[in-house]
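Following: one structure in structure tokens, then a few remarks.
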Amino acid sequence: MAVMTALPRYRDQGRPFMSFVYGIAAHKVADAHRGTARNRQDPTADMPDFASSEQGPEDHALLGESSRRVQELLDSLSPEQREILILRVIEGVSAAEAAEIVGSTAGAVRVAQHRALAKLKKSMGRVGEIDG
């Protein structure tokens with residue numbers, strides 16, 4: 001149909017008539033592909049009743065970045081500070097229990113924990129200054 005519509009505009013320019021027809025056909029195919037790309041009415045699977053609670057790729061990336069940053073911060077501490085901080089903050093043991101585990105006194109454990117947290121706070125502040 002498109003060839004018949006375009007026929008009055010055809011001028012013999014020394015090329016075969018079929019190249020004129022193929023040109024029209026190529027444009028029609030391109031138009032059809034563009035049309036299907038724009039058509040958002042294709043049926044899809046049923047919409048879920050609620051949002052998925054599964055983590056998406058963004059959540060995994062953020063979790064990986066957070067884990068990497070926490071590990072970097074812990075690595076900035078001395079092994080003793082790191083052990084005390086993990087025992088006290090992550091595992092939730094008392095200062096006396098941590099002192100018994102590391103072979104120290106409860107007071108020394110509290111001081112080491114305080115210094116470790118201050119060092120982490122200072123390190124995190126520097127990161128904020130660089131990124132901010």
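Labels used: A, B, ... for chains in the order of the structure tokens, numbers from 1 for residues in each chain, and numbers from 1 for ligands as shown.
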Selection: 8 Å around Gln113 in chain A, only C-alpha atoms, excl. self and same-chain fewer than 4 positions, as a PDB file with all heavy atoms, in the first residue's frame:
ATOM      1  N   GLN A  81      42.117  -3.380  70.635  1.00  0.00           N
ATOM      2  CA  GLN A  81      40.932  -2.517  70.595  1.00  0.00           C
ATOM      3  C   GLN A  81      39.805  -3.179  69.808  1.00  0.00           C
ATOM      4  O   GLN A  81      38.642  -3.136  70.208  1.00  0.00           O
ATOM      5  CB  GLN A  81      41.270  -1.166  69.969  1.00  0.00           C
ATOM      6  CG  GLN A  81      42.088  -0.251  70.824  1.00  0.00           C
ATOM      7  CD  GLN A  81      42.440   1.035  70.096  1.00  0.00           C
ATOM      8  OE1 GLN A  81      42.662   1.034  68.880  1.00  0.00           O
ATOM      9  NE2 GLN A  81      42.495   2.141  70.835  1.00  0.00           N
ATOM     10  N   ILE A  84      38.223  -6.011  71.884  1.00  0.00           N
ATOM     11  CA  ILE A  84      37.400  -5.472  72.971  1.00  0.00           C
ATOM     12  C   ILE A  84      36.116  -4.864  72.420  1.00  0.00           C
ATOM     13  O   ILE A  84      35.023  -5.087  72.960  1.00  0.00           O
ATOM     14  CB  ILE A  84      38.206  -4.451  73.801  1.00  0.00           C
ATOM     15  CG1 ILE A  84      39.268  -5.199  74.621  1.00  0.00           C
ATOM     16  CG2 ILE A  84      37.302  -3.620  74.695  1.00  0.00           C
ATOM     17  CD1 ILE A  84      40.277  -4.313  75.301  1.00  0.00           C
ATOM     18  N   LEU A  85      36.216  -4.126  71.342  1.00  0.00           N
ATOM     19  CA  LEU A  85      35.029  -3.506  70.751  1.00  0.00           C
ATOM     20  C   LEU A  85      34.042  -4.560  70.261  1.00  0.00           C
ATOM     21  O   LEU A  85      32.831  -4.433  70.479  1.00  0.00           O
ATOM     22  CB  LEU A  85      35.444  -2.577  69.607  1.00  0.00           C
ATOM     23  CG  LEU A  85      34.447  -1.502  69.218  1.00  0.00           C
ATOM     24  CD1 LEU A  85      34.143  -0.600  70.401  1.00  0.00           C
ATOM     25  CD2 LEU A  85      34.968  -0.680  68.075  1.00  0.00           C
ATOM     26  N   ARG A  88      32.433  -6.173  73.398  1.00  0.00           N
ATOM     27  CA  ARG A  88      31.527  -5.300  74.149  1.00  0.00           C
ATOM     28  C   ARG A  88      30.328  -4.850  73.333  1.00  0.00           C
ATOM     29  O   ARG A  88      29.197  -4.909  73.803  1.00  0.00           O
ATOM     30  CB  ARG A  88      32.298  -4.067  74.648  1.00  0.00           C
ATOM     31  CG  ARG A  88      33.377  -4.366  75.641  1.00  0.00           C
ATOM     32  CD  ARG A  88      32.852  -4.575  77.036  1.00  0.00           C
ATOM     33  NE  ARG A  88      32.460  -3.272  77.565  1.00  0.00           N
ATOM     34  CZ  ARG A  88      31.387  -3.082  78.320  1.00  0.00           C
ATOM     35  NH1 ARG A  88      30.639  -4.086  78.666  1.00  0.00           N
ATOM     36  NH2 ARG A  88      31.091  -1.878  78.747  1.00  0.00           N
ATOM     37  N   VAL A 109      39.528  -2.402  80.117  1.00  0.00           N
ATOM     38  CA  VAL A 109      38.637  -2.717  78.992  1.00  0.00           C
ATOM     39  C   VAL A 109      37.770  -1.510  78.674  1.00  0.00           C
ATOM     40  O   VAL A 109      37.595  -1.151  77.502  1.00  0.00           O
ATOM     41  CB  VAL A 109      37.778  -3.969  79.310  1.00  0.00           C
ATOM     42  CG1 VAL A 109      36.617  -4.095  78.339  1.00  0.00           C
ATOM     43  CG2 VAL A 109      38.629  -5.216  79.277  1.00  0.00           C
ATOM     44  N   LEU A 117      36.300   3.637  70.310  1.00  0.00           N
ATOM     45  CA  LEU A 117      35.139   4.350  69.780  1.00  0.00           C
ATOM     46  C   LEU A 117      35.499   5.773  69.370  1.00  0.00           C
ATOM     47  O   LEU A 117      35.022   6.271  68.349  1.00  0.00           O
ATOM     48  CB  LEU A 117      34.000   4.357  70.814  1.00  0.00           C
ATOM     49  CG  LEU A 117      33.323   3.000  71.044  1.00  0.00           C
ATOM     50  CD1 LEU A 117      32.356   3.078  72.214  1.00  0.00           C
ATOM     51  CD2 LEU A 117      32.617   2.517  69.786  1.00  0.00           C
TER      52      LEU A 117
END
What residues in chain A get the DSSP label helix (DSSP H, G or I)? Please answer as a PyMOL selection string. chain A and resi 2-9+17-38+57-75+79-90+95-102+106-131
Set the distance at 12 Å and use only C-alpha atoms: which residues neighbour Lys28 in chain A once local chain neighbours fewer than 5 positions away are removed? I'd like the list as a list in words. Met1, Ala2, Val3, Val21, Tyr22, Gly23, His33, Arg34 and Gly35 of chain A
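With distances restricted to only C-alpha atoms, A:Ala96 is the closest residue to Ala108 in chain A from A:Leu7, A:Ala96, A:Ala32, A:Leu74.
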For Glu83 in chain A, which residue among A:Ala98, A:Met18, A:Val70, A:Leu63 is the nearest when counting only C-alpha atoms?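 Counting only C-alpha atoms, the residue closest to Glu83 in chain A is A:Ala98.
Between CA of Gln71 in chain A and CA of Arg115 in chain A the interatomic distance comes to 17.8 Å.
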Between CA of Glu91 in chain A and CA of Glu54 in chain A, distance in Å (one decimal): 27.0 Å
